[in-house]
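Trainee: A single structure is presented below for examination.
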Amino acid sequence: MNIHQTFSLPTWIAGLTLAGLSIALPALTSAPAPAAIAARSKAVLAVETLTPSQQDWPTTIKVNGAVAAWQEAKIGAEIGSLRIKQVLVDVGDRVKRGQDLAVLADDTVVAELHKQQASVDKSRANLAKARADAARAREIQDSGALSSQKIDEYVIAEQTARADLALAEAELENQRIRLRQTHIVASDDGVISARGAGMGDVVTAGTELFRLVRQGRVEWRAEVNAQQLAQIRPGQTVELSLPDGGRVSGTVRMTAPTVDDATRNALVYVDIPNAAAKPGMYLQGSIAVGEQAALVVPQTALVLRDGRDYLFEIAESSVATGTQTVIQRNVVTGRRVGDWVEIREGIAGDAHLVAGGGAFLKDGDIVNVTPKI
């Protein structure tokens, strides 16, 4: 055996060992701590955080009620036994005060008017004759040509003729009124809501021919219990939900002075815009009865799971690693205004919460926390 080869083998092995150590040492000094590697590998999401805010929100009462006409005017015939000659409006038409709605046949009324006009002319002639007779009697009363009794008769005849003329003129005015009543007119501005008049119908006095929503004005009549009634005052704001998904604002005008014996509910009368809803609609509304402090968070922070609402709170542990643990908190929500939700139970006012992306998290997950929004 070669002696040189025998002693060079360990030297060669030692050289390889030293070279391996020289390569491994830099790698060990540059590697991160094992805890940091584990934390980074476990972080499932990078999140922003927020804290709940305190805001003064309106306190509302949610109730239901029907839309009705503010006032409905019933328009009927004031004169009877006449036929409807014309019907000039229909349901839904907007009309003005004094506008013709229907016209009755006026032939007999016109004839009576002419007859009474002749009666007035006759009474006026009788008065002229009686006045002349009385004037002559007064002229000769001192001459003794006529007795006092005869003179008195002429004077009384004059007074009677004057009264007959007044009576005839009054009856003439009555016939003129009857002629005007053959025109069925609107008693106020508004919208025709019902029509009972038909062409050719013979009406009787008092027959309802039309129904009119005065000024086209409608109102919402909310049904509230006694406890709710005590919180409601005129002037409070009301928000109504319409069937098409829209919303409309109104104002409480008055509350009913009594409570219904059967339902134990009272009515609240709310003025709403004329074109907002139709009479007969049944709507839900919210009456703002005051303000109350609320702990609120954005809607984006809230997570809905299995019918419950959750928020993810940032735990205070593991800060040194740059990552933190989230805790799933079951919360009780309340009012909602826009994109904000009231939190009534489940978190403290100074809690640090995940601002968004909670749907991808579960209790105990590790997250990378970016600066607060």
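Letters A, B, ... go to the chains of the structure tokens in the order shown; residues in each chain start at 1; ligands are counted from 1 in the same order.
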Which residues, written as a ChimeraX atom specification, have at least one atom at most 9 Å from Gln159 (chain A), with only C-alpha atoms counted and residues fewer than 6 positions away on the same chain left out?

Mentor: /A:127,130-131

Trainee: I'd like to know which residues of region 50-182 of chain A are strand (DSSP E) (by DSSP, run on the backbone); could you write them as a PDB file with all heavy atoms, in the first residue's frame?

Mentor:
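Saved the output as selection_29.pdb:
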ATOM      1  N   LEU A  50     -60.952  48.333  12.483  1.00  0.00           N
ATOM      2  CA  LEU A  50     -61.695  49.539  12.851  1.00  0.00           C
ATOM      3  C   LEU A  50     -62.213  49.363  14.268  1.00  0.00           C
ATOM      4  O   LEU A  50     -62.203  48.251  14.816  1.00  0.00           O
ATOM      5  CB  LEU A  50     -62.863  49.793  11.883  1.00  0.00           C
ATOM      6  CG  LEU A  50     -63.908  48.678  11.695  1.00  0.00           C
ATOM      7  CD1 LEU A  50     -64.959  48.683  12.799  1.00  0.00           C
ATOM      8  CD2 LEU A  50     -64.602  48.843  10.347  1.00  0.00           C
ATOM      9  N   SER A  53     -68.119  53.091  16.405  1.00  0.00           N
ATOM     10  CA  SER A  53     -68.305  54.515  16.677  1.00  0.00           C
ATOM     11  C   SER A  53     -69.654  54.755  17.346  1.00  0.00           C
ATOM     12  O   SER A  53     -70.604  53.985  17.168  1.00  0.00           O
ATOM     13  CB  SER A  53     -68.217  55.329  15.386  1.00  0.00           C
ATOM     14  OG  SER A  53     -69.231  54.936  14.480  1.00  0.00           O
ATOM     15  N   GLN A  54     -69.721  55.822  18.118  1.00  0.00           N
ATOM     16  CA  GLN A  54     -70.960  56.224  18.775  1.00  0.00           C
ATOM     17  C   GLN A  54     -71.633  57.306  17.934  1.00  0.00           C
ATOM     18  O   GLN A  54     -71.012  58.315  17.606  1.00  0.00           O
ATOM     19  CB  GLN A  54     -70.681  56.776  20.178  1.00  0.00           C
ATOM     20  CG  GLN A  54     -70.270  55.732  21.198  1.00  0.00           C
ATOM     21  CD  GLN A  54     -71.462  54.983  21.769  1.00  0.00           C
ATOM     22  OE1 GLN A  54     -72.604  55.373  21.545  1.00  0.00           O
ATOM     23  NE2 GLN A  54     -71.209  53.909  22.506  1.00  0.00           N
ATOM     24  N   GLN A  55     -72.877  57.079  17.580  1.00  0.00           N
ATOM     25  CA  GLN A  55     -73.636  58.057  16.800  1.00  0.00           C
ATOM     26  C   GLN A  55     -75.030  58.212  17.397  1.00  0.00           C
ATOM     27  O   GLN A  55     -75.562  57.268  17.989  1.00  0.00           O
ATOM     28  CB  GLN A  55     -73.758  57.617  15.332  1.00  0.00           C
ATOM     29  CG  GLN A  55     -72.442  57.494  14.602  1.00  0.00           C
ATOM     30  CD  GLN A  55     -72.626  57.084  13.151  1.00  0.00           C
ATOM     31  OE1 GLN A  55     -73.730  57.140  12.607  1.00  0.00           O
ATOM     32  NE2 GLN A  55     -71.540  56.666  12.510  1.00  0.00           N
ATOM     33  N   ASP A  56     -75.587  59.408  17.252  1.00  0.00           N
ATOM     34  CA  ASP A  56     -76.968  59.657  17.683  1.00  0.00           C
ATOM     35  C   ASP A  56     -77.900  59.311  16.532  1.00  0.00           C
ATOM     36  O   ASP A  56     -77.905  59.985  15.497  1.00  0.00           O
ATOM     37  CB  ASP A  56     -77.156  61.120  18.104  1.00  0.00           C
ATOM     38  CG  ASP A  56     -76.469  61.426  19.408  1.00  0.00           C
ATOM     39  OD1 ASP A  56     -76.319  60.506  20.227  1.00  0.00           O
ATOM     40  OD2 ASP A  56     -76.058  62.589  19.619  1.00  0.00           O
ATOM     41  N   TRP A  57     -78.660  58.277  16.731  1.00  0.00           N
ATOM     42  CA  TRP A  57     -79.580  57.809  15.688  1.00  0.00           C
ATOM     43  C   TRP A  57     -81.015  58.019  16.125  1.00  0.00           C
ATOM     44  O   TRP A  57     -81.334  57.963  17.313  1.00  0.00           O
ATOM     45  CB  TRP A  57     -79.349  56.322  15.436  1.00  0.00           C
ATOM     46  CG  TRP A  57     -78.241  56.043  14.472  1.00  0.00           C
ATOM     47  CD1 TRP A  57     -77.297  56.912  14.033  1.00  0.00           C
ATOM     48  CD2 TRP A  57     -77.959  54.802  13.841  1.00  0.00           C
ATOM     49  NE1 TRP A  57     -76.442  56.294  13.163  1.00  0.00           N
ATOM     50  CE2 TRP A  57     -76.819  54.994  13.025  1.00  0.00           C
ATOM     51  CE3 TRP A  57     -78.545  53.549  13.883  1.00  0.00           C
ATOM     52  CZ2 TRP A  57     -76.266  53.981  12.263  1.00  0.00           C
ATOM     53  CZ3 TRP A  57     -77.999  52.526  13.120  1.00  0.00           C
ATOM     54  CH2 TRP A  57     -76.866  52.746  12.302  1.00  0.00           C
ATOM     55  N   PRO A  58     -81.928  58.253  15.156  1.00  0.00           N
ATOM     56  CA  PRO A  58     -83.340  58.414  15.517  1.00  0.00           C
ATOM     57  C   PRO A  58     -83.938  57.118  16.040  1.00  0.00           C
ATOM     58  O   PRO A  58     -83.629  56.036  15.544  1.00  0.00           O
ATOM     59  CB  PRO A  58     -84.008  58.832  14.193  1.00  0.00           C
ATOM     60  CG  PRO A  58     -83.074  58.360  13.128  1.00  0.00           C
ATOM     61  CD  PRO A  58     -81.705  58.426  13.705  1.00  0.00           C
ATOM     62  N   THR A  59     -84.772  57.256  17.064  1.00  0.00           N
ATOM     63  CA  THR A  59     -85.540  56.126  17.584  1.00  0.00           C
ATOM     64  C   THR A  59     -86.859  56.082  16.829  1.00  0.00           C
ATOM     65  O   THR A  59     -87.568  57.081  16.756  1.00  0.00           O
ATOM     66  CB  THR A  59     -85.793  56.274  19.084  1.00  0.00           C
ATOM     67  OG1 THR A  59     -84.541  56.393  19.758  1.00  0.00           O
ATOM     68  CG2 THR A  59     -86.544  55.077  19.631  1.00  0.00           C
ATOM     69  N   THR A  60     -87.179  54.938  16.261  1.00  0.00           N
ATOM     70  CA  THR A  60     -88.369  54.836  15.422  1.00  0.00           C
ATOM     71  C   THR A  60     -89.335  53.783  15.947  1.00  0.00           C
ATOM     72  O   THR A  60     -88.949  52.871  16.673  1.00  0.00           O
ATOM     73  CB  THR A  60     -87.990  54.487  13.968  1.00  0.00           C
ATOM     74  OG1 THR A  60     -87.308  53.234  13.948  1.00  0.00           O
ATOM     75  CG2 THR A  60     -87.104  55.573  13.364  1.00  0.00           C
ATOM     76  N   ILE A  61     -90.592  53.962  15.552  1.00  0.00           N
ATOM     77  CA  ILE A  61     -91.643  52.982  15.824  1.00  0.00           C
ATOM     78  C   ILE A  61     -92.146  52.477  14.478  1.00  0.00           C
ATOM     79  O   ILE A  61     -92.573  53.260  13.630  1.00  0.00           O
ATOM     80  CB  ILE A  61     -92.811  53.613  16.610  1.00  0.00           C
ATOM     81  CG1 ILE A  61     -92.334  54.116  17.970  1.00  0.00           C
ATOM     82  CG2 ILE A  61     -93.944  52.613  16.776  1.00  0.00           C
ATOM     83  CD1 ILE A  61     -93.404  54.865  18.732  1.00  0.00           C
ATOM     84  N   LYS A  62     -92.064  51.161  14.270  1.00  0.00           N
ATOM     85  CA  LYS A  62     -92.534  50.566  13.013  1.00  0.00           C
ATOM     86  C   LYS A  62     -93.996  50.140  13.186  1.00  0.00           C
ATOM     87  O   LYS A  62     -94.308  49.347  14.076  1.00  0.00           O
ATOM     88  CB  LYS A  62     -91.669  49.377  12.629  1.00  0.00           C
ATOM     89  CG  LYS A  62     -90.263  49.765  12.185  1.00  0.00           C
ATOM     90  CD  LYS A  62     -89.523  48.570  11.617  1.00  0.00           C
ATOM     91  CE  LYS A  62     -88.143  48.963  11.131  1.00  0.00           C
ATOM     92  NZ  LYS A  62     -88.195  49.909   9.999  1.00  0.00           N
ATOM     93  N   VAL A  63     -94.863  50.689  12.339  1.00  0.00           N
ATOM     94  CA  VAL A  63     -96.291  50.373  12.407  1.00  0.00           C
ATOM     95  C   VAL A  63     -96.843  50.247  10.998  1.00  0.00           C
ATOM     96  O   VAL A  63     -96.199  50.638  10.019  1.00  0.00           O
ATOM     97  CB  VAL A  63     -97.074  51.469  13.176  1.00  0.00           C
ATOM     98  CG1 VAL A  63     -96.733  51.442  14.653  1.00  0.00           C
ATOM     99  CG2 VAL A  63     -96.798  52.852  12.603  1.00  0.00           C
ATOM    100  N   ASN A  64     -98.046  49.709  10.908  1.00  0.00           N
ATOM    101  CA  ASN A  64     -98.730  49.553   9.628  1.00  0.00           C
ATOM    102  C   ASN A  64     -99.979  50.429   9.596  1.00  0.00           C
ATOM    103  O   ASN A  64    -100.516  50.809  10.646  1.00  0.00           O
ATOM    104  CB  ASN A  64     -99.122  48.097   9.400  1.00  0.00           C
ATOM    105  CG  ASN A  64     -97.925  47.174   9.330  1.00  0.00           C
ATOM    106  OD1 ASN A  64     -96.909  47.519   8.727  1.00  0.00           O
ATOM    107  ND2 ASN A  64     -98.024  46.019   9.968  1.00  0.00           N
ATOM    108  N   GLY A  65    -100.446  50.710   8.397  1.00  0.00           N
ATOM    109  CA  GLY A  65    -101.659  51.506   8.267  1.00  0.00           C
ATOM    110  C   GLY A  65    -102.093  51.623   6.823  1.00  0.00           C
ATOM    111  O   GLY A  65    -101.364  51.244   5.899  1.00  0.00           O
ATOM    112  N   ALA A  66    -103.290  52.140   6.635  1.00  0.00           N
ATOM    113  CA  ALA A  66    -103.876  52.270   5.304  1.00  0.00           C
ATOM    114  C   ALA A  66    -103.795  53.714   4.826  1.00  0.00           C
ATOM    115  O   ALA A  66    -103.857  54.653   5.622  1.00  0.00           O
ATOM    116  CB  ALA A  66    -105.332  51.807   5.323  1.00  0.00           C
ATOM    117  N   VAL A  67    -103.648  53.864   3.522  1.00  0.00           N
ATOM    118  CA  VAL A  67    -103.708  55.184   2.895  1.00  0.00           C
ATOM    119  C   VAL A  67    -105.176  55.487   2.601  1.00  0.00           C
ATOM    120  O   VAL A  67    -105.915  54.633   2.104  1.00  0.00           O
ATOM    121  CB  VAL A  67    -102.883  55.213   1.604  1.00  0.00           C
ATOM    122  CG1 VAL A  67    -102.991  56.575   0.919  1.00  0.00           C
ATOM    123  CG2 VAL A  67    -101.429  54.882   1.903  1.00  0.00           C
ATOM    124  N   ALA A  68    -105.596  56.705   2.925  1.00  0.00           N
ATOM    125  CA  ALA A  68    -106.991  57.105   2.705  1.00  0.00           C
ATOM    126  C   ALA A  68    -107.026  58.550   2.232  1.00  0.00           C
ATOM    127  O   ALA A  68    -106.052  59.294   2.365  1.00  0.00           O
ATOM    128  CB  ALA A  68    -107.803  56.944   3.994  1.00  0.00           C
ATOM    129  N   ALA A  69    -108.157  58.920   1.665  1.00  0.00           N
ATOM    130  CA  ALA A  69    -108.343  60.318   1.278  1.00  0.00           C
ATOM    131  C   ALA A  69    -108.415  61.194   2.514  1.00  0.00           C
ATOM    132  O   ALA A  69    -108.989  60.803   3.535  1.00  0.00           O
ATOM    133  CB  ALA A  69    -109.623  60.463   0.461  1.00  0.00           C
ATOM    134  N   GLU A  72    -113.298  63.197   1.697  1.00  0.00           N
ATOM    135  CA  GLU A  72    -114.045  62.884   0.481  1.00  0.00           C
ATOM    136  C   GLU A  72    -115.347  63.672   0.479  1.00  0.00           C
ATOM    137  O   GLU A  72    -116.091  63.647   1.455  1.00  0.00           O
ATOM    138  CB  GLU A  72    -114.351  61.389   0.397  1.00  0.00           C
ATOM    139  CG  GLU A  72    -113.266  60.591  -0.298  1.00  0.00           C
ATOM    140  CD  GLU A  72    -113.732  59.210  -0.688  1.00  0.00           C
ATOM    141  OE1 GLU A  72    -114.444  58.575   0.098  1.00  0.00           O
ATOM    142  OE2 GLU A  72    -113.363  58.756  -1.792  1.00  0.00           O
ATOM    143  N   ALA A  73    -115.594  64.382  -0.621  1.00  0.00           N
ATOM    144  CA  ALA A  73    -116.836  65.138  -0.780  1.00  0.00           C
ATOM    145  C   ALA A  73    -117.811  64.315  -1.603  1.00  0.00           C
ATOM    146  O   ALA A  73    -117.469  63.824  -2.687  1.00  0.00           O
ATOM    147  CB  ALA A  73    -116.555  66.475  -1.471  1.00  0.00           C
ATOM    148  N   LYS A  74    -119.025  64.158  -1.076  1.00  0.00           N
ATOM    149  CA  LYS A  74    -120.085  63.466  -1.820  1.00  0.00           C
ATOM    150  C   LYS A  74    -120.902  64.505  -2.563  1.00  0.00           C
ATOM    151  O   LYS A  74    -121.422  65.452  -1.966  1.00  0.00           O
ATOM    152  CB  LYS A  74    -120.967  62.676  -0.866  1.00  0.00           C
ATOM    153  CG  LYS A  74    -120.228  61.552  -0.148  1.00  0.00           C
ATOM    154  CD  LYS A  74    -121.137  60.811   0.816  1.00  0.00           C
ATOM    155  CE  LYS A  74    -120.395  59.689   1.534  1.00  0.00           C
ATOM    156  NZ  LYS A  74    -121.275  58.973   2.494  1.00  0.00           N
ATOM    157  N   ILE A  75    -120.988  64.333  -3.862  1.00  0.00           N
ATOM    158  CA  ILE A  75    -121.672  65.302  -4.712  1.00  0.00           C
ATOM    159  C   ILE A  75    -122.936  64.647  -5.259  1.00  0.00           C
ATOM    160  O   ILE A  75    -122.867  63.605  -5.932  1.00  0.00           O
ATOM    161  CB  ILE A  75    -120.767  65.772  -5.856  1.00  0.00           C
ATOM    162  CG1 ILE A  75    -119.486  66.386  -5.285  1.00  0.00           C
ATOM    163  CG2 ILE A  75    -121.492  66.767  -6.743  1.00  0.00           C
ATOM    164  CD1 ILE A  75    -118.442  66.692  -6.334  1.00  0.00           C
ATOM    165  N   GLY A  76    -124.084  65.242  -4.951  1.00  0.00           N
ATOM    166  CA  GLY A  76    -125.352  64.672  -5.378  1.00  0.00           C
ATOM    167  C   GLY A  76    -126.250  65.697  -6.034  1.00  0.00           C
ATOM    168  O   GLY A  76    -125.903  66.874  -6.168  1.00  0.00           O
ATOM    169  N   LEU A  82    -135.518  64.627 -12.554  1.00  0.00           N
ATOM    170  CA  LEU A  82    -134.956  65.094 -13.817  1.00  0.00           C
ATOM    171  C   LEU A  82    -133.994  64.041 -14.357  1.00  0.00           C
ATOM    172  O   LEU A  82    -133.340  63.315 -13.603  1.00  0.00           O
ATOM    173  CB  LEU A  82    -134.235  66.429 -13.639  1.00  0.00           C
ATOM    174  CG  LEU A  82    -135.104  67.621 -13.223  1.00  0.00           C
ATOM    175  CD1 LEU A  82    -134.243  68.864 -13.065  1.00  0.00           C
ATOM    176  CD2 LEU A  82    -136.211  67.875 -14.239  1.00  0.00           C
ATOM    177  N   ARG A  83    -133.884  63.996 -15.655  1.00  0.00           N
ATOM    178  CA  ARG A  83    -133.035  63.020 -16.335  1.00  0.00           C
ATOM    179  C   ARG A  83    -131.634  63.594 -16.541  1.00  0.00           C
ATOM    180  O   ARG A  83    -131.460  64.782 -16.804  1.00  0.00           O
ATOM    181  CB  ARG A  83    -133.679  62.676 -17.688  1.00  0.00           C
ATOM    182  CG  ARG A  83    -132.860  61.772 -18.588  1.00  0.00           C
ATOM    183  CD  ARG A  83    -133.637  61.485 -19.880  1.00  0.00           C
ATOM    184  NE  ARG A  83    -134.152  62.710 -20.478  1.00  0.00           N
ATOM    185  CZ  ARG A  83    -133.444  63.493 -21.280  1.00  0.00           C
ATOM    186  NH1 ARG A  83    -132.188  63.186 -21.595  1.00  0.00           N
ATOM    187  NH2 ARG A  83    -134.011  64.574 -21.800  1.00  0.00           N
ATOM    188  N   ILE A  84    -130.609  62.709 -16.405  1.00  0.00           N
ATOM    189  CA  ILE A  84    -129.230  63.132 -16.663  1.00  0.00           C
ATOM    190  C   ILE A  84    -129.026  63.224 -18.176  1.00  0.00           C
ATOM    191  O   ILE A  84    -129.171  62.238 -18.904  1.00  0.00           O
ATOM    192  CB  ILE A  84    -128.219  62.151 -16.045  1.00  0.00           C
ATOM    193  CG1 ILE A  84    -128.346  62.141 -14.519  1.00  0.00           C
ATOM    194  CG2 ILE A  84    -126.791  62.514 -16.447  1.00  0.00           C
ATOM    195  CD1 ILE A  84    -127.425  61.155 -13.829  1.00  0.00           C
ATOM    196  N   LYS A  85    -128.705  64.413 -18.629  1.00  0.00           N
ATOM    197  CA  LYS A  85    -128.533  64.657 -20.056  1.00  0.00           C
ATOM    198  C   LYS A  85    -127.089  64.470 -20.501  1.00  0.00           C
ATOM    199  O   LYS A  85    -126.836  64.000 -21.622  1.00  0.00           O
ATOM    200  CB  LYS A  85    -129.003  66.078 -20.375  1.00  0.00           C
ATOM    201  CG  LYS A  85    -128.948  66.435 -21.853  1.00  0.00           C
ATOM    202  CD  LYS A  85    -129.658  67.748 -22.133  1.00  0.00           C
ATOM    203  CE  LYS A  85    -128.993  68.923 -21.439  1.00  0.00           C
ATOM    204  NZ  LYS A  85    -129.614  70.221 -21.802  1.00  0.00           N
ATOM    205  N   GLN A  86    -126.136  64.835 -19.633  1.00  0.00           N
ATOM    206  CA  GLN A  86    -124.720  64.714 -19.968  1.00  0.00           C
ATOM    207  C   GLN A  86    -123.925  64.309 -18.729  1.00  0.00           C
ATOM    208  O   GLN A  86    -124.217  64.776 -17.623  1.00  0.00           O
ATOM    209  CB  GLN A  86    -124.148  66.046 -20.483  1.00  0.00           C
ATOM    210  CG  GLN A  86    -124.598  66.451 -21.875  1.00  0.00           C
ATOM    211  CD  GLN A  86    -123.971  67.788 -22.260  1.00  0.00           C
ATOM    212  OE1 GLN A  86    -124.283  68.819 -21.672  1.00  0.00           O
ATOM    213  NE2 GLN A  86    -123.067  67.748 -23.225  1.00  0.00           N
ATOM    214  N   VAL A  87    -122.926  63.447 -18.930  1.00  0.00           N
ATOM    215  CA  VAL A  87    -121.935  63.127 -17.890  1.00  0.00           C
ATOM    216  C   VAL A  87    -120.591  63.570 -18.443  1.00  0.00           C
ATOM    217  O   VAL A  87    -120.133  63.066 -19.472  1.00  0.00           O
ATOM    218  CB  VAL A  87    -121.931  61.632 -17.545  1.00  0.00           C
ATOM    219  CG1 VAL A  87    -120.860  61.333 -16.496  1.00  0.00           C
ATOM    220  CG2 VAL A  87    -123.300  61.186 -17.051  1.00  0.00           C
ATOM    221  N   ARG A  94    -109.155  64.992 -12.762  1.00  0.00           N
ATOM    222  CA  ARG A  94    -108.903  66.096 -11.827  1.00  0.00           C
ATOM    223  C   ARG A  94    -109.788  67.276 -12.223  1.00  0.00           C
ATOM    224  O   ARG A  94    -109.814  67.658 -13.397  1.00  0.00           O
ATOM    225  CB  ARG A  94    -107.427  66.497 -11.849  1.00  0.00           C
ATOM    226  CG  ARG A  94    -107.037  67.546 -10.811  1.00  0.00           C
ATOM    227  CD  ARG A  94    -105.535  67.697 -10.739  1.00  0.00           C
ATOM    228  NE  ARG A  94    -104.905  66.514 -10.188  1.00  0.00           N
ATOM    229  CZ  ARG A  94    -104.760  66.288  -8.879  1.00  0.00           C
ATOM    230  NH1 ARG A  94    -105.213  67.167  -7.999  1.00  0.00           N
ATOM    231  NH2 ARG A  94    -104.158  65.198  -8.471  1.00  0.00           N
ATOM    232  N   VAL A  95    -110.513  67.840 -11.269  1.00  0.00           N
ATOM    233  CA  VAL A  95    -111.490  68.890 -11.556  1.00  0.00           C
ATOM    234  C   VAL A  95    -111.227  70.110 -10.686  1.00  0.00           C
ATOM    235  O   VAL A  95    -110.510  70.047  -9.683  1.00  0.00           O
ATOM    236  CB  VAL A  95    -112.932  68.378 -11.321  1.00  0.00           C
ATOM    237  CG1 VAL A  95    -113.242  67.222 -12.261  1.00  0.00           C
ATOM    238  CG2 VAL A  95    -113.134  67.946  -9.872  1.00  0.00           C
ATOM    239  N   ASP A 100    -118.451  71.850 -14.189  1.00  0.00           N
ATOM    240  CA  ASP A 100    -119.590  70.967 -14.449  1.00  0.00           C
ATOM    241  C   ASP A 100    -119.137  69.508 -14.479  1.00  0.00           C
ATOM    242  O   ASP A 100    -118.179  69.151 -15.186  1.00  0.00           O
ATOM    243  CB  ASP A 100    -120.238  71.315 -15.789  1.00  0.00           C
ATOM    244  CG  ASP A 100    -121.156  72.530 -15.694  1.00  0.00           C
ATOM    245  OD1 ASP A 100    -121.410  72.982 -14.565  1.00  0.00           O
ATOM    246  OD2 ASP A 100    -121.603  73.022 -16.754  1.00  0.00           O
ATOM    247  N   LEU A 101    -119.857  68.674 -13.735  1.00  0.00           N
ATOM    248  CA  LEU A 101    -119.602  67.242 -13.739  1.00  0.00           C
ATOM    249  C   LEU A 101    -120.672  66.495 -14.534  1.00  0.00           C
ATOM    250  O   LEU A 101    -120.384  65.502 -15.194  1.00  0.00           O
ATOM    251  CB  LEU A 101    -119.554  66.701 -12.302  1.00  0.00           C
ATOM    252  CG  LEU A 101    -118.620  67.416 -11.320  1.00  0.00           C
ATOM    253  CD1 LEU A 101    -118.673  66.743  -9.963  1.00  0.00           C
ATOM    254  CD2 LEU A 101    -117.194  67.458 -11.859  1.00  0.00           C
ATOM    255  N   ALA A 102    -121.898  66.980 -14.444  1.00  0.00           N
ATOM    256  CA  ALA A 102    -123.019  66.386 -15.185  1.00  0.00           C
ATOM    257  C   ALA A 102    -124.075  67.465 -15.383  1.00  0.00           C
ATOM    258  O   ALA A 102    -124.118  68.455 -14.645  1.00  0.00           O
ATOM    259  CB  ALA A 102    -123.595  65.188 -14.440  1.00  0.00           C
ATOM    260  N   VAL A 103    -124.931  67.272 -16.376  1.00  0.00           N
ATOM    261  CA  VAL A 103    -125.995  68.226 -16.678  1.00  0.00           C
ATOM    262  C   VAL A 103    -127.313  67.466 -16.751  1.00  0.00           C
ATOM    263  O   VAL A 103    -127.404  66.418 -17.407  1.00  0.00           O
ATOM    264  CB  VAL A 103    -125.726  68.967 -18.001  1.00  0.00           C
ATOM    265  CG1 VAL A 103    -126.860  69.940 -18.305  1.00  0.00           C
ATOM    266  CG2 VAL A 103    -124.385  69.701 -17.949  1.00  0.00           C
ATOM    267  N   LEU A 104    -128.345  68.007 -16.056  1.00  0.00           N
ATOM    268  CA  LEU A 104    -129.680  67.402 -16.083  1.00  0.00           C
ATOM    269  C   LEU A 104    -130.535  68.079 -17.151  1.00  0.00           C
ATOM    270  O   LEU A 104    -130.311  69.247 -17.501  1.00  0.00           O
ATOM    271  CB  LEU A 104    -130.343  67.567 -14.716  1.00  0.00           C
ATOM    272  CG  LEU A 104    -129.568  67.044 -13.501  1.00  0.00           C
ATOM    273  CD1 LEU A 104    -130.381  67.285 -12.225  1.00  0.00           C
ATOM    274  CD2 LEU A 104    -129.228  65.572 -13.649  1.00  0.00           C
TER     275      LEU A 104
END

Trainee: Using only C-alpha atoms, which of A:Met199, A:Glu342, A:Pro273, A:Gly356 sits nearest Phe312 (chain A)?

Mentor: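 Checking each candidate against Phe312 (chain A), we get A:Gly356 as the closest.
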
Trainee: Calculated over only C-alpha atoms, which of the candidates A:Ser123, A:Gln116, A:Gln141, A:Gln149 has the smallest distance to Glu171 (chain A)?

Mentor: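 Answer, going by the shortest atom-to-atom distance: A:Gln116.
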
Trainee: Fewer than 4 positions away in the same chain doesn't count, so skip those; otherwise give me all residues within 12 Å of region 163-170 of chain A, counting only C-alpha atoms, as a list of chain:residue names.

Mentor: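 Near region 163-170 of chain A, the qualifying residues are A:Leu113, A:Lys115, A:Gln116, A:Gln117, A:Ala118, A:Ser119, A:Val120, A:Asp121, A:Lys122, A:Ser123, A:Arg124, A:Ala125, A:Asn126, A:Leu127, A:Ala128, A:Ala130, A:Ile156, A:Ala157, A:Glu158, A:Gln159, A:Asn174, A:Gln175, A:Arg176, A:Ile177.
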
Trainee: Give me, please, the distance in Å between CA of Thr237 (chain A) and CA of Asp339 (chain A), quoted to one decimal.

Mentor: 20.9 Å

Trainee: Suppose you want the space between CA of Val89 (chain A) and CA of Ala197 (chain A); what is it in Å?

Mentor: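 Pair CA of Val89 (chain A) / CA of Ala197 (chain A) returns 9.8 Å.
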
Trainee: Can you pull out every residue within 8 Å of region 225-231 of chain A, counting only C-alpha atoms, but drop anything in the same chain fewer than 4 positions away, and send it as a short mmCIF file (atom, residue, chain, number, x, y, z; two decimals) with C-alpha atoms, in the first residue's frame?

Mentor:
data_model
loop_
_atom_site.label_atom_id
_atom_site.label_comp_id
_atom_site.auth_asym_id
_atom_site.auth_seq_id
_atom_site.Cartn_x
_atom_site.Cartn_y
_atom_site.Cartn_z
CA ILE A 61 -91.64 52.98 15.82
CA THR A 255 -103.37 61.63 16.67
CA VAL A 259 -108.73 54.35 21.24
CA ARG A 264 -107.38 48.80 21.51
CA ASN A 265 -105.50 50.69 18.79
CA ALA A 266 -105.56 54.37 17.91
CA VAL A 289 -90.02 59.64 17.96
#

Trainee: Which value, in Å to one decimal, gives the distance between CA of Ile184 (chain A) and CA of Gly80 (chain A)?

Mentor: 12.2 Å

Trainee: Pick out the residues sitting within 12 Å of Gly285 (chain A), and hand them over as a PyMOL selection string; count only C-alpha atoms, and ignore anything fewer than 2 positions along from it in its own chain.

Mentor: chain A and resi 60-67+220-224+237-243+246-252+268+270+272+282-283+287-288

Trainee: Find the spatial neighbours of Ile140 (chain A), counting only C-alpha atoms, within a cut-off of 10 Å - ignore same-chain residues fewer than 6 positions away - and output them as a PyMOL selection string.

Mentor: chain A and resi 146-147+151
